[in-house]
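Below is structure_14.cif, which holds mmCIF, C-alpha atoms and all ligand atoms.
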```
data_model
#
loop_
_atom_site.label_atom_id
_atom_site.label_comp_id
_atom_site.auth_asym_id
_atom_site.auth_seq_id
_atom_site.Cartn_x
_atom_site.Cartn_y
_atom_site.Cartn_z
CA MET A 1 49.08 34.11 -51.37
CA GLN A 2 52.66 34.95 -50.45
CA GLN A 3 54.51 37.99 -51.78
CA ASP A 4 56.78 35.66 -53.81
CA HIS A 5 53.72 34.27 -55.60
CA ILE A 6 52.68 37.76 -56.62
CA SER A 7 56.04 38.32 -58.30
CA TYR A 8 55.80 34.90 -60.02
CA LEU A 9 52.43 35.82 -61.55
CA LEU A 10 53.72 39.23 -62.61
CA ALA A 11 56.81 37.63 -64.20
CA LEU A 12 54.58 35.23 -66.13
CA HIS A 13 52.44 38.13 -67.28
CA ARG A 14 55.53 40.04 -68.44
CA GLN A 15 57.27 37.12 -70.13
CA GLN A 16 54.23 35.15 -71.42
CA ASP A 17 56.46 32.08 -71.27
CA TRP A 18 57.10 29.52 -68.51
CA ALA A 19 60.87 29.18 -69.06
CA ALA A 20 61.58 32.90 -69.35
CA ALA A 21 59.39 33.73 -66.33
CA ALA A 22 61.02 30.93 -64.30
CA ALA A 23 64.49 32.27 -65.19
CA ALA A 24 63.43 35.80 -64.15
CA CYS A 25 62.31 34.40 -60.80
CA GLN A 26 65.47 32.27 -60.46
CA LEU A 27 63.39 29.07 -60.47
CA SER A 28 63.18 26.08 -62.76
CA PRO A 29 60.03 25.96 -64.95
CA ALA A 30 58.83 22.94 -62.90
CA GLN A 31 59.21 24.92 -59.62
CA LEU A 32 57.31 27.87 -61.10
CA LYS A 33 54.48 25.63 -62.36
CA LYS A 34 54.26 23.98 -58.92
CA ALA A 35 54.09 27.35 -57.15
CA VAL A 36 51.35 28.64 -59.49
CA ALA A 37 49.40 25.36 -59.13
CA GLY A 38 49.59 25.87 -55.34
CA VAL A 39 48.01 29.32 -55.67
CA GLU A 40 45.27 27.91 -57.96
CA ARG A 41 44.52 25.22 -55.36
CA GLU A 42 44.46 27.79 -52.55
CA TYR A 43 41.85 29.92 -54.38
CA GLY A 44 40.04 27.02 -56.09
CA CYS A 45 40.21 28.37 -59.65
CA ALA A 46 42.49 28.18 -62.67
CA LEU A 47 44.58 31.29 -63.26
CA ILE A 48 46.55 30.03 -66.29
CA LYS A 49 44.95 28.47 -69.39
CA THR A 50 45.75 24.75 -69.45
CA GLY A 51 48.25 23.35 -71.95
CA ALA A 52 51.84 22.19 -72.24
CA VAL A 53 52.99 25.64 -73.43
CA PHE A 54 51.98 28.94 -71.87
CA ARG A 55 48.74 30.16 -73.53
CA GLY A 56 47.89 33.12 -71.30
CA PHE A 57 45.86 33.87 -68.18
CA THR A 58 42.22 32.91 -67.62
CA VAL A 59 39.68 35.70 -66.99
CA GLU A 60 40.17 35.16 -63.23
CA GLY A 61 43.93 35.09 -63.75
CA GLU A 62 43.83 38.49 -65.52
CA LYS A 63 41.89 39.91 -62.55
CA VAL A 64 44.45 38.52 -60.13
CA VAL A 65 47.29 39.99 -62.24
CA ALA A 66 45.63 43.44 -62.22
CA TRP A 67 45.28 43.23 -58.46
CA ALA A 68 48.88 41.99 -58.11
CA GLN A 69 50.14 44.92 -60.21
CA ASN A 70 48.38 47.42 -57.94
CA LEU A 71 49.71 45.71 -54.84
CA SER A 72 53.23 45.56 -56.23
CA GLU A 73 53.15 49.31 -56.98
CA ALA A 74 51.83 50.02 -53.48
CA LEU A 75 54.59 47.88 -51.94
CA SER A 76 57.25 49.61 -53.97
CA THR A 77 55.91 53.05 -52.90
CA LEU A 78 55.95 51.87 -49.31
CA LYS A 79 59.56 50.69 -49.69
CA HIS A 80 60.57 54.15 -50.96
CA VAL A 81 58.74 55.84 -48.10
CA PHE A 82 60.55 53.63 -45.57
CA ALA A 83 63.90 54.10 -47.33
CA ALA A 84 63.49 57.91 -47.34
CA SER A 85 62.49 57.91 -43.70
CA ASN A 86 65.43 55.65 -42.77
CA SER A 87 67.82 57.94 -44.66
CA ARG A 88 66.52 60.97 -42.72
CA LYS A 89 66.81 59.02 -39.48
CA ALA A 90 70.42 58.10 -40.31
CA ILE A 91 71.47 61.75 -40.54
CA ALA A 92 68.92 63.22 -38.11
CA PRO A 93 71.57 64.89 -35.89
CA LEU A 94 72.90 66.77 -38.92
CA LEU A 95 69.43 67.81 -40.07
CA GLU A 96 68.35 68.91 -36.61
CA ARG A 97 71.42 70.83 -35.35
CA ARG A 98 70.71 74.42 -34.42
CA SER A 99 72.92 77.07 -32.95
CA VAL A 100 72.00 77.82 -29.35
CA SER A 101 72.67 81.36 -28.18
CA PRO A 102 74.62 81.86 -24.93
CA LYS A 103 71.50 83.10 -23.13
CA ARG A 104 69.84 79.72 -23.77
CA LEU A 105 72.80 77.79 -22.32
CA GLU A 106 73.41 76.64 -18.75
CA ALA A 107 75.89 74.50 -16.79
CA PRO A 108 77.18 71.93 -17.08
CA GLY A 109 79.23 72.52 -20.15
CA PRO A 110 81.39 69.88 -21.78
CA ASP A 111 84.48 68.79 -19.83
CA ARG A 112 88.00 68.78 -21.27
CA GLN A 113 87.68 65.21 -22.58
CA GLU A 114 84.47 66.05 -24.41
CA ILE A 115 86.05 69.19 -25.84
CA ASP A 116 89.00 67.11 -27.01
CA LEU A 117 86.53 64.72 -28.67
CA MET A 118 84.91 67.65 -30.50
CA ILE A 119 88.36 68.79 -31.67
CA GLU A 120 89.07 65.23 -32.82
CA ALA A 121 85.85 65.36 -34.84
CA ALA A 122 87.04 68.67 -36.32
CA LEU A 123 90.31 66.99 -37.28
CA SER A 124 88.39 64.38 -39.26
CA ALA A 125 86.87 67.02 -41.58
CA PRO A 126 87.92 67.20 -45.25
CA ASP A 127 91.27 68.98 -45.41
CA HIS A 128 93.24 69.35 -48.66
CA GLY A 129 96.83 68.37 -47.98
CA GLY A 130 96.07 67.53 -44.33
CA LEU A 131 97.31 71.00 -43.32
CA HIS A 132 94.72 71.53 -40.53
CA PRO A 133 94.82 75.28 -41.23
CA TRP A 134 93.02 76.13 -38.02
CA ARG A 135 93.42 75.82 -34.30
CA VAL A 136 91.27 76.04 -31.21
CA LEU A 137 91.92 78.07 -28.06
CA VAL A 138 90.37 76.59 -24.93
CA PHE A 139 89.53 79.04 -22.13
CA PRO A 140 89.55 77.25 -18.76
CA ALA A 141 87.25 78.62 -16.04
CA ASP A 142 90.11 80.39 -14.25
CA SER A 143 91.05 82.34 -17.39
CA ARG A 144 87.64 83.81 -17.99
CA ALA A 145 87.94 86.85 -15.70
CA LYS A 146 91.14 87.87 -17.51
CA LEU A 147 89.41 87.32 -20.86
CA ALA A 148 86.54 89.52 -19.65
CA ASP A 149 89.10 92.27 -18.89
CA LEU A 150 90.42 91.96 -22.45
CA PHE A 151 86.89 92.11 -23.89
CA GLU A 152 86.15 95.20 -21.77
CA GLN A 153 89.35 96.91 -22.96
CA GLU A 154 88.55 96.06 -26.57
CA LYS A 155 85.04 97.47 -26.17
CA LEU A 156 86.42 100.71 -24.77
CA ARG A 157 89.00 100.97 -27.56
CA ARG A 158 86.22 100.66 -30.10
CA ASP A 159 83.76 102.84 -28.22
CA PRO A 160 85.39 105.03 -25.57
CA LEU A 161 81.95 106.35 -24.60
CA ALA A 162 80.43 102.88 -24.11
CA SER A 163 77.86 102.77 -21.32
CA ALA A 164 78.38 100.69 -18.21
CA GLU A 165 75.68 98.36 -19.52
CA ASP A 166 77.56 97.88 -22.83
CA VAL A 167 80.80 97.17 -20.97
CA LYS A 168 79.01 94.66 -18.74
CA ARG A 169 77.63 92.92 -21.83
CA ALA A 170 81.09 92.80 -23.40
CA ARG A 171 82.47 91.17 -20.23
CA GLU A 172 79.59 88.68 -20.19
CA HIS A 173 80.58 87.42 -23.63
CA ALA A 174 83.69 86.07 -21.90
CA THR A 175 82.02 84.68 -18.80
CA ARG A 176 78.44 83.74 -19.59
CA SER A 177 78.79 80.37 -21.37
CA PRO A 178 79.65 77.26 -19.36
CA ALA A 179 82.49 76.56 -21.80
CA LEU A 180 84.20 78.85 -24.29
CA LEU A 181 86.56 78.22 -27.19
CA ALA A 182 88.02 80.46 -29.84
CA PHE A 183 88.37 79.20 -33.39
CA VAL A 184 91.38 80.51 -35.27
CA ILE A 185 91.91 80.14 -39.01
CA SER A 186 95.58 79.51 -39.43
CA PRO A 187 96.46 79.27 -43.13
CA LYS A 188 99.75 77.54 -43.82
CA LEU A 189 101.75 79.90 -45.99
CA ARG A 190 103.69 78.99 -49.12
CA MET A 191 101.75 75.75 -49.49
CA ARG A 192 100.45 74.38 -52.76
CA VAL A 193 96.91 74.44 -51.35
CA PRO A 194 95.40 77.87 -52.06
CA GLU A 195 94.31 79.93 -49.10
CA ARG A 196 90.65 79.79 -50.12
CA GLU A 197 90.75 75.99 -49.84
CA GLN A 198 92.45 76.25 -46.48
CA CYS A 199 89.67 78.59 -45.30
CA LEU A 200 87.11 76.08 -46.56
CA ALA A 201 88.88 73.27 -44.73
CA ALA A 202 88.78 75.39 -41.57
CA GLY A 203 85.04 75.91 -42.10
CA CYS A 204 84.54 72.15 -42.52
CA ALA A 205 86.43 71.58 -39.26
CA LEU A 206 84.29 74.16 -37.49
CA GLY A 207 81.14 72.46 -38.82
CA ASN A 208 82.35 69.10 -37.54
CA LEU A 209 83.13 70.58 -34.13
CA LEU A 210 79.65 72.13 -33.84
CA ASN A 211 77.99 68.92 -35.03
CA ALA A 212 80.03 66.89 -32.55
CA ALA A 213 78.88 69.22 -29.74
CA HIS A 214 75.28 68.67 -30.84
CA GLN A 215 75.71 64.90 -31.02
CA LEU A 216 77.19 64.91 -27.51
CA GLY A 217 74.00 66.64 -26.37
CA TYR A 218 75.35 70.18 -25.93
CA GLY A 219 74.14 73.45 -27.35
CA ALA A 220 76.76 75.47 -29.20
CA ILE A 221 77.08 78.64 -31.22
CA MET A 222 79.88 80.36 -33.12
CA LEU A 223 79.90 84.14 -32.74
CA SER A 224 82.42 86.56 -34.17
CA GLY A 225 81.56 90.17 -33.51
CA GLU A 226 83.79 93.15 -34.03
CA ARG A 227 86.24 92.17 -31.29
CA CYS A 228 87.58 89.43 -33.60
CA PHE A 229 88.96 92.18 -35.83
CA ASP A 230 90.80 93.97 -33.04
CA SER A 231 94.51 93.44 -33.61
CA LEU A 232 95.48 94.12 -29.99
CA LEU A 233 93.00 91.54 -28.67
CA CYS A 234 94.25 89.07 -31.31
CA THR A 235 97.83 89.65 -30.17
CA GLU A 236 96.86 89.21 -26.52
CA LEU A 237 95.25 85.88 -27.45
CA GLY A 238 98.37 84.80 -29.35
CA VAL A 239 96.74 85.04 -32.78
CA ASP A 240 99.46 86.18 -35.17
CA SER A 241 99.17 88.47 -38.17
CA THR A 242 98.92 85.58 -40.65
CA GLU A 243 95.91 84.16 -38.82
CA TYR A 244 92.24 85.13 -38.43
CA LEU A 245 90.37 85.02 -35.15
CA ALA A 246 87.19 83.56 -36.69
CA GLY A 247 85.08 83.70 -33.56
CA PHE A 248 84.22 82.35 -30.15
CA ILE A 249 82.31 79.11 -29.62
CA SER A 250 79.98 79.05 -26.62
CA LEU A 251 79.08 75.63 -25.31
CA GLY A 252 76.75 74.36 -22.60
CA SER A 253 73.66 72.38 -21.74
CA VAL A 254 70.54 73.60 -23.47
CA ALA A 255 68.33 75.42 -20.94
CA VAL A 256 65.89 76.79 -23.52
CA ALA A 257 65.55 75.06 -26.88
CA PRO A 258 66.22 77.28 -29.91
CA PRO A 259 63.40 77.79 -32.42
CA PRO A 260 63.03 74.86 -34.82
CA ARG A 261 64.92 74.99 -38.09
CA LYS A 262 63.06 76.52 -41.05
CA PRO A 263 62.32 74.13 -43.93
CA ALA A 264 65.44 73.52 -46.06
CA MET A 265 65.56 75.66 -49.23
CA LEU A 266 67.16 73.13 -51.55
CA ASP A 267 66.31 75.18 -54.65
CA ALA A 268 68.40 78.10 -53.39
CA VAL A 269 71.57 76.03 -53.41
CA ARG A 270 71.06 73.12 -55.79
CA ALA A 271 71.00 73.16 -59.59
CA VAL A 272 71.11 70.16 -61.87
CA TRP A 273 73.64 70.82 -64.58
CA GLY A 274 73.49 69.28 -68.05
CA PRO A 275 75.05 70.25 -71.37
CA GLY A 276 73.10 73.14 -72.90
CA VAL A 277 71.39 75.97 -71.15
CA PRO A 278 72.18 75.91 -67.42
CA GLU A 279 69.20 75.79 -65.12
CA PRO A 280 69.09 79.10 -63.21
CA VAL A 281 69.69 78.79 -59.50
CA GLN A 282 67.25 80.78 -57.35
CA HIS A 283 69.90 82.98 -55.79
CA ASN A 284 69.04 84.11 -52.33
CA ASP A 285 70.61 87.48 -53.06
CA CYS A 286 71.23 89.13 -49.74
CA ARG A 287 73.62 91.83 -50.95
CA ASP A 288 70.99 94.56 -50.70
CA SER A 289 69.69 93.53 -47.34
CA VAL A 290 72.94 92.99 -45.45
CA PRO A 291 74.11 96.06 -43.56
CA SER A 292 77.76 97.01 -43.87
CA THR A 293 78.32 95.95 -40.25
CA ALA A 294 77.84 92.37 -41.44
CA VAL A 295 81.46 92.48 -42.58
CA THR A 296 82.54 92.54 -39.00
CA GLY A 297 79.56 90.62 -37.60
CA SER A 298 76.82 91.78 -35.31
CA GLN A 299 76.94 89.24 -32.49
CA LYS A 300 73.15 89.28 -32.07
CA PRO A 301 72.11 85.64 -32.19
CA HIS A 302 68.49 84.53 -31.85
C1 LIG B 401 82.41 82.23 -38.49
C2 LIG B 401 81.04 82.53 -38.02
C3 LIG B 401 80.79 83.69 -37.29
C4 LIG B 401 79.51 84.00 -36.86
N1 LIG B 401 79.29 85.15 -36.16
C5 LIG B 401 78.05 85.49 -35.77
C6 LIG B 401 77.79 86.68 -35.04
O1 LIG B 401 78.66 87.45 -34.71
N2 LIG B 401 76.50 86.97 -34.73
C7 LIG B 401 75.45 86.13 -35.08
O2 LIG B 401 74.32 86.42 -34.78
N3 LIG B 401 75.69 84.98 -35.76
C8 LIG B 401 76.94 84.63 -36.10
N4 LIG B 401 77.16 83.46 -36.79
C9 LIG B 401 76.02 82.62 -37.13
C10 LIG B 401 75.58 81.72 -35.99
O3 LIG B 401 76.70 81.00 -35.47
C11 LIG B 401 74.52 80.70 -36.47
O4 LIG B 401 75.09 79.84 -37.43
C12 LIG B 401 73.34 81.38 -37.07
O5 LIG B 401 72.69 82.10 -36.03
C13 LIG B 401 72.35 80.40 -37.71
O6 LIG B 401 71.88 79.48 -36.78
P1 LIG B 401 71.91 77.92 -37.08
O7 LIG B 401 73.36 77.50 -36.96
O8 LIG B 401 71.00 77.32 -36.06
O9 LIG B 401 71.40 77.73 -38.47
C14 LIG B 401 78.45 83.11 -37.17
C15 LIG B 401 78.70 81.94 -37.86
C16 LIG B 401 79.97 81.65 -38.27
C17 LIG B 401 80.20 80.35 -39.04
#
```

Have the structure of the file written as structure tokens, please.
Ligand SMILES: Cc1cc2nc3c(=O)[nH]c(=O)nc-3n(C[C@H](O)[C@H](O)[C@H](O)COP(=O)(O)O)c2cc1C
Amino acid sequence: MQQDHISYLLALHRQQDWAAAAAACQLSPAQLKKAVAGVEREYGCALIKTGAVFRGFTVEGEKVVAWAQNLSEALSTLKHVFAASNSRKAIAPLLERRSVSPKRLEAPGPDRQEIDLMIEAALSAPDHGGLHPWRVLVFPADSRAKLADLFEQEKLRRDPLASAEDVKRAREHATRSPALLAFVISPKLRMRVPEREQCLAAGCALGNLLNAAHQLGYGAIMLSGERCFDSLLCTELGVDSTEYLAGFISLGSVAVAPPPRKPAMLDAVRAVWGPGVPEPVQHNDCRDSVPSTAVTGSQKPH
């Protein structure tokens, strides 16, 4: 019996009428009767009580309908399983992206064309008013030693007693990753779009850039750290007082895979609203557990 025949029998069972069932199956009554007669011939028994008008299923017919109903439910479950799995497959790169810390990165990093492609992806992020309230600084290989000097000076401004090891680490933040970018939030002033929306647009752009890096096969991580709040360093990088140095993006090939992503906590971020009492969202309240240094960032990735 073909799958079509199963739906014909189920339509007949639902409608209890040849014409209505035929219409539901987009057949003429004669075509439906012919198809059902074919099934009866195939199995050598009558499924429908004989007569010019529909008078119901025979005992065997009722058994076949019960079996067909089970099969139809199983097929529909299977369809949903496949659909869900196809949906996950379609957005797998988004579901799988993980930040990769600089110590897990190695050469080669992305070249200029690939970096430009990532920036193009960032430019395609949602952006109220098309203001692109952000910009990216690219640090070519021959600029890294100078950047390391600036990082060292910033470290010593913040901590004049920093150990040689600490200073070395600060310098490494400029030199370690195969490729390095800085992401600057650059709100456009006196625009109708409020600054909070411009910051969100910048965040969307950053997300696109990191996802593009992942899709191109590179590991990437955004790190801020306290140096991003140092006004002298910002000035030296050309970040003006209306802008924010959001952080540095390290890019490279993945030498050591990061730990797998923890299961998504949908309930922490999703509530279904309806008129009446709002469903409480399970807030992941981190106010008590975040140290005050979190305001300026810790720069201690996994
Ligand atoms: C603007 C910004 C600054 C960040 N700064 C730091 C940082 O200084 N130190 C750190 O450990 N993580 C920082 N992160 C978080 C990491 O980039 C990363 O998202 C986090 O470790 C979670 O990893 P995941 O992206 O794989 O989920 C920052 C993220 C953003 C968006």

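For Leu156 (chain A), the list of residues within 12 Å, based on only C-alpha atoms and with local chain neighbours fewer than 6 positions off taken out, reads Asp149, Leu150, Ala162, Ser163, Ala164, Asp166, Val167, Lys168, Ala170, Arg171, Arg227, Asp230 and Leu233 of chain A.
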
Checklist entry - Restricting the calculation to only C-alpha atoms, which member of A:Ala179, A:Leu200, A:Pro102, A:Glu114 is positioned closest to Leu131 (chain A)? => result A:Leu200

Next on the checklist: Please identify all protein, DNA and RNA residues within 10 Å of ligand LIG 401 (chain B), counting all atoms listed in the file, and report them as a ChimeraX atom specification.
Outcome noted: /A:96-101,183-185,202-204,206-207,210-211,220-228,245-250,258-262,294-302

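Distances here use all atoms listed in the file; by that measure, the residue among A:Glu152, A:Glu197, A:Glu236, A:Glu172 closest to His128 (chain A) is A:Glu197.
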
Item to check | Nearest to Arg157 (chain A) by atom-to-atom distance, counting all atoms listed in the file, from A:Gly51, A:Glu243, A:Leu232, A:Glu73 | outcome: A:Leu232

Checklist entry - Residues at most 8 Å from Leu47 (chain A), counting only C-alpha atoms, excluding those fewer than 6 positions away in the same chain, as a list in words? => result Glu40, Phe57, Thr58, Val59, Glu60, Gly61, Glu62 and Val64 of chain A

Checklist entry - Skipping near chain neighbours, those fewer than 5 positions away, what residues fall within 12 Å of Asn70 (chain A) using only C-alpha atoms, listed as a list of chain:residue names? => result A:Ile6, A:Ser7, A:Leu10, A:Lys63, A:Val64, A:Val65, A:Leu75, A:Ser76, A:Thr77

Checklist entry - Just how far from CA of Ser72 (chain A) is CA of Gln2 (chain A), in Å to one decimal? => result 12.1 Å

Checklist outcome for this item: Among A:Leu216, A:Ala83, A:Val272, A:Ala92, Asp111 (chain A) is approached most closely, using all atoms listed in the file, by A:Leu216

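If you look at CA of Tyr218 (chain A) and CA of Ala122 (chain A), they are 15.7 Å away from each other.
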